[in-house]
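Colleague: Okay, handing you the structure first.
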Amino acid sequence: LVLLRAYLKRVFHGRLIGSAKGEEFEDGVVGSLVSVTEPIRPNMPGKVKYRGSYWKAYSDDILQAGDSARIISHAEEGHGAFRVRKVEE
C-alpha cells in the first residue's frame, strides 16, 4: 500500500522530467488571458479564472474584479499561482 501511494503521488502530483533546476518550464499557460475574480494589489494576491478554475494570482498592477489580465509567469511559490499583468482594453 505504501509503494502504491508513492507511485500514485508521483503520477497525479506531476513532476518535470529532463529539466534542470532553475530552467523555465513552458507549459502553454504563459501568455494566456484570464479574468480577475477577486481584486489584486501589489503584495496582495487575488484570484483569476483560468480554464474554468480559480487560481491565486499576484501582480505589480492594481486589478479589479472583472478586469482582463495576461499570465506572465508562474508565481515564485510554484505552479499553484500565477503572476499576471493588466490588459488595457
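Within each chain, counting starts at residue 1; across the C-alpha cells, chains are named A, B, ... in the order shown, with ligands numbered 1 upward in that order.
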Might you pull out every residue within 10 Å of Met44 of chain A, with only C-alpha atoms counted and same-chain residues fewer than 2 positions away left off, and present them as a list in words?
Modeller: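 The residues satisfying every condition are Pro39, Ile40, Arg41, Pro42, Gly46, Ala57, Tyr58, Ser59, Asp60 and Ile62 of chain A.
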Colleague: Restricted to C-alpha atoms, what would the selected residues look like written as a CSV table (one decimal), in the first residue's frame?
Modeller:
```csv
chain,number,residue,atom,x,y,z
A,39,PRO,CA,-9.1,42.2,-6.6
A,40,ILE,CA,-5.3,42.0,-6.9
A,41,ARG,CA,-2.9,44.6,-5.5
A,42,PRO,CA,0.9,44.7,-5.3
A,46,GLY,CA,-6.2,37.9,-5.6
A,57,ALA,CA,-2.6,35.5,-8.7
A,58,TYR,CA,-0.1,38.2,-8.0
A,59,SER,CA,0.6,41.4,-9.9
A,60,ASP,CA,2.5,44.7,-9.7
A,62,ILE,CA,-3.9,47.1,-9.4
```
Colleague: Which residues are close to segment 63-76 of chain A, i.e. within 8 Å by only C-alpha atoms, leaving aside same-chain residues fewer than 2 positions away? Reply as a list in words.
Modeller: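 After dropping sequence-adjacent residues, the list is Val29, Val30, Gly31, Ser32, Leu33, Val34, Ser35, Val36, Thr37, Glu38, Pro39, Ile40, Arg41, Ala57, Tyr58, Asp61, Gly78, His79, Gly80, Ala81, Phe82, Arg83, Val84, Arg85, Lys86, Val87 and Glu88 of chain A.
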